[in-house]
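Colleague: Let me give you the structure first, and then I'll get to my questions.
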Amino acid sequence: MAKIDWTKLAGIRSSEITDPALFARRRQIMQASVALGLSGTIAAPVLAKGENGTPLNAKITKSELSTDEEPTSFETATTYNNFYELGTDKGDPARYAKSLKTEPWSIVVDGECDAPGKFTLEDILKPHAVEERIYRLRCVEAWSMVIPWNGFELGALLKRFKPNSKAKYVAFETLNDPELPGMSRPVLDWPYVEGLRIDEAMNPLAFMAMGIYGNELPNQNGAPLRLVVPWKYGYKSIKSIVRISFTEKQPPTSWNKSAPNEYGFYSNVNPDVSHPRWSQAKERRLSGDTSGLAALFTSKIETKFLNGYAELAGPLYADMDLKKYY
Amino acid sequence: MDTALQDSVTTPAKKKAWAKRWWLKPLVFLVALIPLVSLVYSLLTGQLGPNPIEVLTDETGEWALRFIVLGLLLTPLRIWLKKPWPVQLRRMIGLFAFFYVVVHFSIYLFLDQQLDLAAIIADVIERPYITAGTVAFLILIPLAITSNRRMVKRLGKKWQSLHRWVYIAACAAVVHYVWLAKGDRIEPFVYLAIVMFLLVVRLKRVIA
């Protein structure tokens, strides 16, 4: 039987609570310093984020494009996921994470480009310096998180394949492994496919992530490589990519195929364009450490146009009616 | 024969049969409380995950629907089994269905919308699945109020026609579930199939 954690219920974050061993050690140091006649306060050590993960073996630089909002806890971001190939329940992706095999991994690049090919994951990652981008993630289901991604700009990756003048769009495809527990039923038309207009893909906000919280990307978050497009609903940020294709025509996208009147190609976060069945005006921010009663009483927050990224992403849609191109 | 009055234990024979099954109602009562107790326990132990409002809403909604379906199942069950006990449980099962609907609706009003009246009214008017759910809830209110023995006697034949509205509530509840699901989910359609089956069974009896 699980124990009732009263500190959690009271909404006290685990980061506010000192680890007992650390407390004892600090107490010893205090006593020693008192004995030595030293005074002054001892600064609390910063607890490392990303417990339970495998730290990335790379130097990570910070980015000016990061938000300074409080990130969602690592635990929440890695246990509450939509990744239908692993199951439709939010806990399924973490539960069945092991069934996704990420080694070996290769990515096929084809279509309208001068340097296509089949690349190993290592080939793809090698030339890129790793950045941290702390982005808001807004799900179409009206919840949101703040996630520190690690990776590099999508544009920098795409330029390596020398897209030609016919490359108006870029299409992505997720791993298609019928062995995955969620793929036995046609919840969506597998494999999962997504796409961006080429100028959207080249926008400095569009990001390829191979890590989160300084850790390797866990399988449930789309290992080994996934897209992050922070101004669009979460499902545009396709996971576990195996193919990147440059196309002249607008590529099909999975949710649009499933329900065209509900999910458009653009899928930009927009509080003024409701999902036909629910409002997009507000969102519930999942901060993490609040899995007790505190999470029951937190208010929803207002959803911002383009998820608050209008300054950089807004010019992409300058002359478009976003109610029509949702 | 008026099945509504089955619930009232009248004749000595019925009284005797009922006395032999004294444990049935208390047992069903306790079993029907298990989903609530387990949800509260999971909530207090932090097992509902980072979005407990979503889990509580989904779970109480699904349990409400299960009890509605179970309630619809009892009359055919009495006929198939030729035993009176299923119908003797009907009021309690119906009231538990209403109880889980009230908890479900309260979570939506107080926790999800935090009594934001403008948002709630907009939801009820603009979101078909919320309209359907609200319709189901509103229908169940008079049924719950008139579920006691005194009202059964007082309303007589009217009681039965009033309580036939439960079919409409059941349909509205299933439509509510089908319309809110994202992706090609199988569960709402399973409930839809069960409710349709139970309705056809009844219609066949009415026509025959």
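Each chain in the structure tokens gets a letter, A, B, ..., in the order shown, and its residues are numbered from 1; ligands are numbered from 1 in order too.
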So which residues touch Gln280 in chain A within 8 Å, counting only C-alpha atoms, skipping near sequence neighbours fewer than 5 positions away, as a ChimeraX atom specification?
Modeller: /A:140,142,270-275,303
Colleague: Mind writing the picked residues with N, CA and C atoms as an mmCIF file, in the first residue's frame?
Modeller:
```cif
data_model
loop_
_atom_site.group_PDB
_atom_site.id
_atom_site.type_symbol
_atom_site.label_atom_id
_atom_site.label_comp_id
_atom_site.auth_asym_id
_atom_site.auth_seq_id
_atom_site.Cartn_x
_atom_site.Cartn_y
_atom_site.Cartn_z
ATOM 1 N N VAL A 140 -3.131 20.185 -27.565
ATOM 2 C CA VAL A 140 -4.447 20.527 -28.109
ATOM 3 C C VAL A 140 -5.554 20.176 -27.101
ATOM 4 N N ALA A 142 -5.680 21.136 -24.169
ATOM 5 C CA ALA A 142 -5.784 22.261 -23.225
ATOM 6 C C ALA A 142 -5.022 22.075 -21.914
ATOM 7 N N ASN A 270 -3.919 28.882 -30.835
ATOM 8 C CA ASN A 270 -4.710 30.085 -31.056
ATOM 9 C C ASN A 270 -5.955 30.086 -30.162
ATOM 10 N N PRO A 271 -5.943 30.970 -29.128
ATOM 11 C CA PRO A 271 -7.079 30.979 -28.196
ATOM 12 C C PRO A 271 -8.397 31.389 -28.862
ATOM 13 N N ASP A 272 -8.309 32.046 -30.038
ATOM 14 C CA ASP A 272 -9.530 32.527 -30.699
ATOM 15 C C ASP A 272 -10.128 31.507 -31.652
ATOM 16 N N VAL A 273 -9.410 30.444 -31.928
ATOM 17 C CA VAL A 273 -9.960 29.404 -32.801
ATOM 18 C C VAL A 273 -10.183 28.160 -31.944
ATOM 19 N N SER A 274 -11.459 27.930 -31.595
ATOM 20 C CA SER A 274 -11.788 26.788 -30.748
ATOM 21 C C SER A 274 -11.633 25.500 -31.525
ATOM 22 N N HIS A 275 -11.281 24.458 -30.804
ATOM 23 C CA HIS A 275 -11.447 23.115 -31.345
ATOM 24 C C HIS A 275 -12.959 22.959 -31.478
ATOM 25 N N THR A 303 -4.562 31.073 -22.579
ATOM 26 C CA THR A 303 -3.700 30.631 -23.671
ATOM 27 C C THR A 303 -3.335 31.839 -24.520
#
```
Colleague: Which neighbours of Tyr167 in chain B fall inside 9 Å, counting only C-alpha atoms, when residues of the same chain fewer than 5 positions from it are skipped, and could you give them as a list in words?
Modeller: Leu72, Ala172, Val195 and Leu199 of chain B
Colleague: Please determine, counting only C-alpha atoms, which residue among A:Arg95, A:Lys166, A:Lys236, A:Arg185 has the shortest atom-to-atom distance to chain B.
Modeller: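 The shortest atom-to-atom distance to chain B comes from A:Arg185.
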Colleague: Could you tell me which residues of chain B sit within 7 Å of chain A when counting only C-alpha atoms, and give me the result as a list of chain:residue names?
Modeller: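 In the required form, that comes to B:Leu43, B:Leu44, B:Thr45, B:Gly46, B:Gly49, B:Pro50, B:Asn51, B:Pro52, B:Ile53, B:Leu111, B:Arg127, B:Pro128, B:Gly183, B:Asp184, B:Arg185.
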Colleague: Take the selection from the previous step and output its residues with N, CA and C atoms, as a PDB file, in the first residue's frame.
Modeller:
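In the end it all went to out-v4.pdb:
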```
ATOM      1  N   LEU B  43      -5.986   9.533  -4.970  1.00  0.00           N
ATOM      2  CA  LEU B  43      -5.742  10.976  -4.949  1.00  0.00           C
ATOM      3  C   LEU B  43      -4.844  11.344  -3.771  1.00  0.00           C
ATOM      4  N   LEU B  44      -5.180  10.810  -2.586  1.00  0.00           N
ATOM      5  CA  LEU B  44      -4.429  11.165  -1.383  1.00  0.00           C
ATOM      6  C   LEU B  44      -3.012  10.606  -1.403  1.00  0.00           C
ATOM      7  N   THR B  45      -2.800   9.527  -2.162  1.00  0.00           N
ATOM      8  CA  THR B  45      -1.452   8.955  -2.222  1.00  0.00           C
ATOM      9  C   THR B  45      -0.702   9.434  -3.467  1.00  0.00           C
ATOM     10  N   GLY B  46      -1.268  10.437  -4.149  1.00  0.00           N
ATOM     11  CA  GLY B  46      -0.569  11.019  -5.296  1.00  0.00           C
ATOM     12  C   GLY B  46      -0.443  10.073  -6.476  1.00  0.00           C
ATOM     13  N   GLY B  49      -1.382  11.050 -10.820  1.00  0.00           N
ATOM     14  CA  GLY B  49      -0.524  11.704 -11.800  1.00  0.00           C
ATOM     15  C   GLY B  49      -0.627  13.208 -11.762  1.00  0.00           C
ATOM     16  N   PRO B  50       0.013  13.866 -12.740  1.00  0.00           N
ATOM     17  CA  PRO B  50       0.129  15.321 -12.702  1.00  0.00           C
ATOM     18  C   PRO B  50      -1.159  16.064 -13.050  1.00  0.00           C
ATOM     19  N   ASN B  51      -2.147  15.379 -13.582  1.00  0.00           N
ATOM     20  CA  ASN B  51      -3.391  16.064 -13.951  1.00  0.00           C
ATOM     21  C   ASN B  51      -4.571  15.353 -13.287  1.00  0.00           C
ATOM     22  N   PRO B  52      -4.643  15.409 -11.939  1.00  0.00           N
ATOM     23  CA  PRO B  52      -5.663  14.629 -11.238  1.00  0.00           C
ATOM     24  C   PRO B  52      -7.091  15.020 -11.617  1.00  0.00           C
ATOM     25  N   ILE B  53      -7.324  16.294 -11.972  1.00  0.00           N
ATOM     26  CA  ILE B  53      -8.686  16.710 -12.333  1.00  0.00           C
ATOM     27  C   ILE B  53      -9.173  15.915 -13.546  1.00  0.00           C
ATOM     28  N   LEU B 111     -13.925  22.195  -9.779  1.00  0.00           N
ATOM     29  CA  LEU B 111     -12.478  22.049  -9.937  1.00  0.00           C
ATOM     30  C   LEU B 111     -12.023  22.430 -11.340  1.00  0.00           C
ATOM     31  N   ARG B 127     -20.574  23.578 -26.843  1.00  0.00           N
ATOM     32  CA  ARG B 127     -19.897  22.282 -26.978  1.00  0.00           C
ATOM     33  C   ARG B 127     -20.941  21.177 -26.941  1.00  0.00           C
ATOM     34  N   PRO B 128     -21.227  20.563 -28.085  1.00  0.00           N
ATOM     35  CA  PRO B 128     -22.283  19.549 -28.136  1.00  0.00           C
ATOM     36  C   PRO B 128     -22.095  18.447 -27.091  1.00  0.00           C
ATOM     37  N   GLY B 183      -9.354  10.746 -31.270  1.00  0.00           N
ATOM     38  CA  GLY B 183      -8.788   9.585 -31.941  1.00  0.00           C
ATOM     39  C   GLY B 183      -9.827   8.486 -32.062  1.00  0.00           C
ATOM     40  N   ASP B 184      -9.423   7.378 -32.630  1.00  0.00           N
ATOM     41  CA  ASP B 184     -10.360   6.286 -32.852  1.00  0.00           C
ATOM     42  C   ASP B 184     -10.393   5.402 -31.604  1.00  0.00           C
ATOM     43  N   ARG B 185     -11.132   5.842 -30.600  1.00  0.00           N
ATOM     44  CA  ARG B 185     -11.178   5.118 -29.332  1.00  0.00           C
ATOM     45  C   ARG B 185     -12.317   4.114 -29.350  1.00  0.00           C
TER      46      ARG B 185
END
```
Colleague: Set the distance at 8 Å and use only C-alpha atoms: which residues neighbour Arg136 in chain A once local chain neighbours fewer than 6 positions away are removed? I'd like the list as a PyMOL selection string.
Modeller: chain A and resi 67+144-147+230+307
Colleague: Of the candidates A:Gln250, A:Asn268, A:Asn164, A:Asn57, which shows the shortest atom-to-atom distance to Asn150 in chain A, using only C-alpha atoms?
Modeller: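 Comparing A:Gln250, A:Asn268, A:Asn164, A:Asn57 against Asn150 in chain A, the winner is A:Asn57.
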Colleague: Could you check how far CA of Ser147 in chain B sits from CA of Leu70 in chain B, in Å to one decimal?
Modeller: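 These two atoms are separated by 16.5 Å.
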Colleague: With only C-alpha atoms as the basis for distance, which of B:Pro76, B:Thr134, B:Ala173, B:Arg91 is at the shortest distance from Lys204 in chain B?
Modeller: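 Going through B:Pro76, B:Thr134, B:Ala173, B:Arg91 one by one, the smallest distance to Lys204 in chain B is for B:Pro76.
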Colleague: Quick one: residues within 10 Å of Tyr177 in chain B, only C-alpha atoms counted, chain neighbours fewer than 4 positions away excluded, as a PyMOL selection string?
Modeller: chain B and resi 58+61-62+65+129-130+132-133+171-173+181+187-189+191-192
Colleague: Run DSSP on the backbone of this structure and report the residues of range 109-315 of chain A it assigns to strand (DSSP E), as an mmCIF file with C-alpha atoms, in the first residue's frame.
Modeller:
```cif
data_model
loop_
_atom_site.group_PDB
_atom_site.id
_atom_site.type_symbol
_atom_site.label_atom_id
_atom_site.label_comp_id
_atom_site.auth_asym_id
_atom_site.auth_seq_id
_atom_site.Cartn_x
_atom_site.Cartn_y
_atom_site.Cartn_z
ATOM 1 C CA VAL A 109 16.341 11.948 -45.972
ATOM 2 C CA ASP A 110 14.791 12.184 -49.426
ATOM 3 C CA GLY A 111 12.700 14.275 -51.789
ATOM 4 C CA GLY A 117 20.701 9.707 -48.047
ATOM 5 C CA LYS A 118 20.315 7.313 -45.190
ATOM 6 C CA PHE A 119 22.080 8.562 -42.088
ATOM 7 C CA THR A 120 22.906 6.943 -38.783
ATOM 8 C CA VAL A 130 23.840 21.151 -28.090
ATOM 9 C CA GLU A 131 21.673 23.962 -26.800
ATOM 10 C CA GLU A 132 19.102 24.139 -24.028
ATOM 11 C CA ARG A 133 15.750 25.622 -25.068
ATOM 12 C CA ILE A 134 13.181 26.023 -22.324
ATOM 13 C CA TYR A 135 9.906 26.115 -24.227
ATOM 14 C CA ARG A 136 6.224 26.139 -23.349
ATOM 15 C CA LEU A 137 4.453 23.064 -24.732
ATOM 16 C CA ARG A 138 0.730 23.490 -25.378
ATOM 17 C CA TRP A 143 -2.965 21.393 -20.852
ATOM 18 C CA SER A 144 0.559 22.721 -21.013
ATOM 19 C CA MET A 145 4.050 22.196 -19.634
ATOM 20 C CA VAL A 146 7.355 24.062 -19.605
ATOM 21 C CA ILE A 147 10.146 21.795 -20.808
ATOM 22 C CA PRO A 148 13.911 22.326 -21.060
ATOM 23 C CA TRP A 149 14.793 20.608 -24.347
ATOM 24 C CA ASN A 150 18.330 19.856 -25.469
ATOM 25 C CA GLY A 151 19.167 19.797 -29.140
ATOM 26 C CA PHE A 152 19.729 22.096 -32.106
ATOM 27 C CA GLU A 153 17.837 24.212 -34.607
ATOM 28 C CA TYR A 169 7.426 21.715 -47.399
ATOM 29 C CA VAL A 170 9.197 19.263 -45.177
ATOM 30 C CA ALA A 171 7.517 16.014 -44.080
ATOM 31 C CA PHE A 172 8.427 13.818 -41.107
ATOM 32 C CA GLU A 173 7.613 10.225 -40.296
ATOM 33 C CA THR A 174 7.691 8.303 -37.010
ATOM 34 C CA VAL A 193 3.305 11.657 -40.190
ATOM 35 C CA GLU A 194 3.692 15.412 -39.750
ATOM 36 C CA GLY A 195 4.839 18.341 -41.793
ATOM 37 C CA LEU A 196 5.817 21.997 -41.855
ATOM 38 C CA ARG A 197 6.007 24.666 -44.494
ATOM 39 C CA PHE A 207 14.028 22.725 -32.821
ATOM 40 C CA MET A 208 15.240 19.127 -32.939
ATOM 41 C CA ALA A 209 15.561 17.596 -29.491
ATOM 42 C CA MET A 210 17.728 14.640 -28.487
ATOM 43 C CA GLY A 211 17.552 15.442 -24.778
ATOM 44 C CA ILE A 212 15.482 16.967 -21.979
ATOM 45 C CA ASN A 215 19.362 14.004 -20.043
ATOM 46 C CA GLU A 216 19.101 11.741 -23.039
ATOM 47 C CA ARG A 226 12.079 14.476 -32.163
ATOM 48 C CA LEU A 227 10.763 17.764 -33.408
ATOM 49 C CA VAL A 228 9.771 20.659 -31.113
ATOM 50 C CA ILE A 241 11.718 10.423 -36.452
ATOM 51 C CA VAL A 242 12.853 7.919 -39.114
ATOM 52 C CA ARG A 243 12.268 9.935 -42.280
ATOM 53 C CA ILE A 244 12.567 13.539 -43.389
ATOM 54 C CA SER A 245 11.283 14.370 -46.884
ATOM 55 C CA PHE A 246 11.341 17.641 -48.785
ATOM 56 C CA THR A 247 8.183 18.008 -50.854
ATOM 57 C CA LYS A 282 -7.410 28.571 -21.478
ATOM 58 C CA GLU A 283 -4.993 25.856 -20.495
ATOM 59 C CA ARG A 284 -4.069 23.946 -17.369
ATOM 60 C CA ARG A 285 -0.370 24.331 -16.638
ATOM 61 C CA ILE A 301 -4.177 30.220 -17.350
ATOM 62 C CA GLU A 302 -5.045 32.187 -20.480
#
```
